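Enquirer: Pasting a structure here, questions to come.
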Amino acid sequence: MNNSVVQPILEAIQQVVGGCDPNHPVSLHEPDFRGTQAWEYVKDCLETGWVSTAGTWVTRFEQELCTITGASHAVAVSNGTVALRLALHLVGVCPGDEVLLPPLSFVATANAVAHLGAVPHFVDIEPNSLGLCPVSLTARLEAVAERRKGVLVNRETGRRIAALLPVHVFGHPAEITELRTIADAWDLPLVEDAAEALASWRDNIHCGLFGEIGTLSFNGNKLITTGGGGALLTNDAVLARRARHLSTTAKTPHPWTFDHDAVAWNDRLPNLNAALGVAQLEDLDRRLHAKRQLAERFGRAFADLDRVELLTESESCRSNHWLVSLRFRAKDPEKAESERLQLLEAAHATGLLLRPIWTPLHHLQMYCDCPSGPLTVSEDQAPRLVNLPSSPQLIEGWHS
Ligand SMILES: *Cc1c(COP(=O)(O)O)cnc(C)c1O
């Protein structure tokens with residue numbers, strides 16, 4: 001192993017997260033309920049018996065989400081994947097359609113498309129935010145898209161192009177204003193995967209509110225967690241009403257009759273989980289502050305290293321700094337990847353559980369035959385990126 005590459009990087013990480021040992025490993029992002037009212041709120045569910053998919057904590061959780069994000073409507077659901085699937089269904093994605101999305105995301109983004117019987121169509125990213133690239137998107141649409149009798153069709157596959165699904169990666173807002181303009185120009189519904197972007201903003205608009213619907217996740221490793229959970233954000237009252245209806249078996253309201261007016265889902269978030277969510281949302285500012293401090297400390301620790309750089313907040317954006325990401329700068333991506341592997345091995349041996357960015361979705365066996373534009377930037381970036389431990393509790397004194 002070439003220690004001269006890895007050692008200074010490891011030392012910089014340890015400078016921020018402190019000493020660690022393999023018996024007490026430091027994970028990427030861990031849940032923490034200390035300093036919150038979580039226990040009280042969960043106890044309230046147990047004492048009242050309201051533990052399932054109705055109850056006041058769900059309503060309160062949705063209201064708090066609206067207050068924090070500025071959304072007119074929030075609909076809480078059981079995880080971020082079903083939030084995406086429901087959002088895509090609501091904007092009209094049907095079996096056999098294509099949905100445009102970036103290949104650098106968690107697998108759930110593509111899975112939600114596939115769950116509807118639709119087909120992911122990959123478009124390249126840009127290297128600053130790691131989000132969908134507006135220039136590549138326009139180029140791709142101009143290359144393959146054509147309007148036939150009012151329907152946007154991929155002329156290479158004959159399938160309808162039904163929606164645009166950008167992702168805000170690691171809490172950094174994508175170039176969503178530009179993407180919105182392109183979606184409008186092509187008359188494409190815009191659904192944002194904002195699973196990682198609660199409390200991330202661009203031009204003072206919360207991620208997820210640039211298009212028809214945005215989705216959040218409250219999975220165990222996210223900024224705040226409900227154990228498992230997700231939500232749809234929208235400013236459209238009709239979409240919100242339909243989201244609520246379709247996430248609760250499309251039951252028509254009646255005191256005793258079981259009447260349902262559509263094939264729908266059981267997607268609602270249980271009250272028990274929502275109670276955890278309310279407790280953490282109340283504590284959101286403190287968490288965000290700690291995460292910003294952590295990102296700044298990493299920034300200082302890495303300032304003098306030239307083989308790597310940290311991803312930073314873009315202009316006119318506010319990131320929640322969900323995960324701090326390190327990029328290997330070697331010109332050749334294969335060299336960057338081998339340096340990254342050395343770091344991963346050395347870090348895991350000391351108990352620092354760094355994680356590389358996801359395997360690009362178009363390399364996965366389920367999605368390797370999907371339509372795609374050129375993915376040059378994605379191919380170049382994927383081998384370079386590794387995430388560092390980013391839990392707010394890594395900041396000392398955070399609990400006091
Ligand atoms: C976490 C995540 C999801 C899925 O959320 P779950 O709650 O785990 O189903 C979707 N997209 C992205 C980008 C995510 O990070």
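Ordered as shown in the structure tokens, chains take letters A, B, and onward, while each chain numbers its residues from 1 and ligands are numbered from 1 in the order shown.
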Based on the backbone DSSP call, show me all residues of stretch 314-385 of chain A assigned alpha helix (DSSP H), as a list in words.
Expert: Pro333, Glu334, Lys335, Ala336, Glu337, Ser338, Glu339, Arg340, Leu341, Gln342, Leu343, Leu344, Glu345, Ala346, Ala347, His348, Ala349, Thr376, Val377, Ser378, Glu379, Asp380 and Gln381 of chain A
Enquirer: Identify, counting only C-alpha atoms and all ligand atoms, the protein, DNA and RNA residues located within 9 Å of ligand 1, and give them as a VMD selection string.
Expert: chain A and resid 78 to 84 104 to 110 112 167 to 170 193 to 197 215 to 222 228 to 230
Enquirer: Looking at only C-alpha atoms, which of A:Leu132, A:Leu86, A:Thr226, A:Ile161 is the one that sits closest to A:Pro102?
Expert: A:Leu132
Enquirer: As an exercise, work out the distance from atom CA of A:Arg297 to atom CA of A:Arg327 in Å and give it to one decimal place.
Expert: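 About the pair atom CA of A:Arg297 and atom CA of A:Arg327: they are 16.5 Å apart.
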Enquirer: List the spatial neighbours of A:Thr249 as a VMD selection string - criterion: any atom at most 7 Å away, only C-alpha atoms, same-chain residues fewer than 5 positions off excluded.
Expert: chain A and resid 260 264 to 266
Enquirer: May I have the selected residues written with all heavy atoms, as an mmCIF file, in the first residue's frame?
Expert:
data_model
loop_
_atom_site.group_PDB
_atom_site.id
_atom_site.type_symbol
_atom_site.label_atom_id
_atom_site.label_comp_id
_atom_site.auth_asym_id
_atom_site.auth_seq_id
_atom_site.Cartn_x
_atom_site.Cartn_y
_atom_site.Cartn_z
ATOM 1 N N HIS A 260 -64.018 1.720 -2.519
ATOM 2 C CA HIS A 260 -62.736 2.211 -3.024
ATOM 3 C C HIS A 260 -62.927 2.522 -4.498
ATOM 4 O O HIS A 260 -63.566 1.747 -5.204
ATOM 5 C CB HIS A 260 -61.647 1.140 -2.845
ATOM 6 C CG HIS A 260 -61.555 0.630 -1.449
ATOM 7 N ND1 HIS A 260 -60.613 1.060 -0.548
ATOM 8 C CD2 HIS A 260 -62.300 -0.282 -0.773
ATOM 9 C CE1 HIS A 260 -60.774 0.448 0.608
ATOM 10 N NE2 HIS A 260 -61.797 -0.375 0.496
ATOM 11 N N ALA A 264 -55.288 1.152 -5.623
ATOM 12 C CA ALA A 264 -54.404 2.099 -4.946
ATOM 13 C C ALA A 264 -53.454 1.352 -4.015
ATOM 14 O O ALA A 264 -53.338 0.129 -4.078
ATOM 15 C CB ALA A 264 -55.230 3.121 -4.186
ATOM 16 N N TRP A 265 -52.768 2.101 -3.181
ATOM 17 C CA TRP A 265 -51.734 1.520 -2.322
ATOM 18 C C TRP A 265 -52.011 1.765 -0.849
ATOM 19 O O TRP A 265 -52.810 2.640 -0.492
ATOM 20 C CB TRP A 265 -50.385 2.137 -2.676
ATOM 21 C CG TRP A 265 -49.868 1.734 -4.013
ATOM 22 C CD1 TRP A 265 -49.262 0.555 -4.334
ATOM 23 C CD2 TRP A 265 -49.895 2.511 -5.216
ATOM 24 N NE1 TRP A 265 -48.914 0.551 -5.665
ATOM 25 C CE2 TRP A 265 -49.286 1.736 -6.229
ATOM 26 C CE3 TRP A 265 -50.364 3.778 -5.544
ATOM 27 C CZ2 TRP A 265 -49.129 2.190 -7.538
ATOM 28 C CZ3 TRP A 265 -50.216 4.239 -6.832
ATOM 29 C CH2 TRP A 265 -49.610 3.448 -7.832
ATOM 30 N N ASN A 266 -51.332 1.017 -0.012
ATOM 31 C CA ASN A 266 -51.323 1.272 1.426
ATOM 32 C C ASN A 266 -49.947 1.846 1.753
ATOM 33 O O ASN A 266 -49.032 1.111 2.130
ATOM 34 C CB ASN A 266 -51.582 -0.035 2.181
ATOM 35 C CG ASN A 266 -51.421 0.147 3.670
ATOM 36 O OD1 ASN A 266 -51.457 1.277 4.174
ATOM 37 N ND2 ASN A 266 -51.238 -0.948 4.385
#
Enquirer: Quick one: pull the distance between atom CA of A:Glu40 and atom CA of A:Thr59, Å, one decimal.
Expert: 17.1 Å
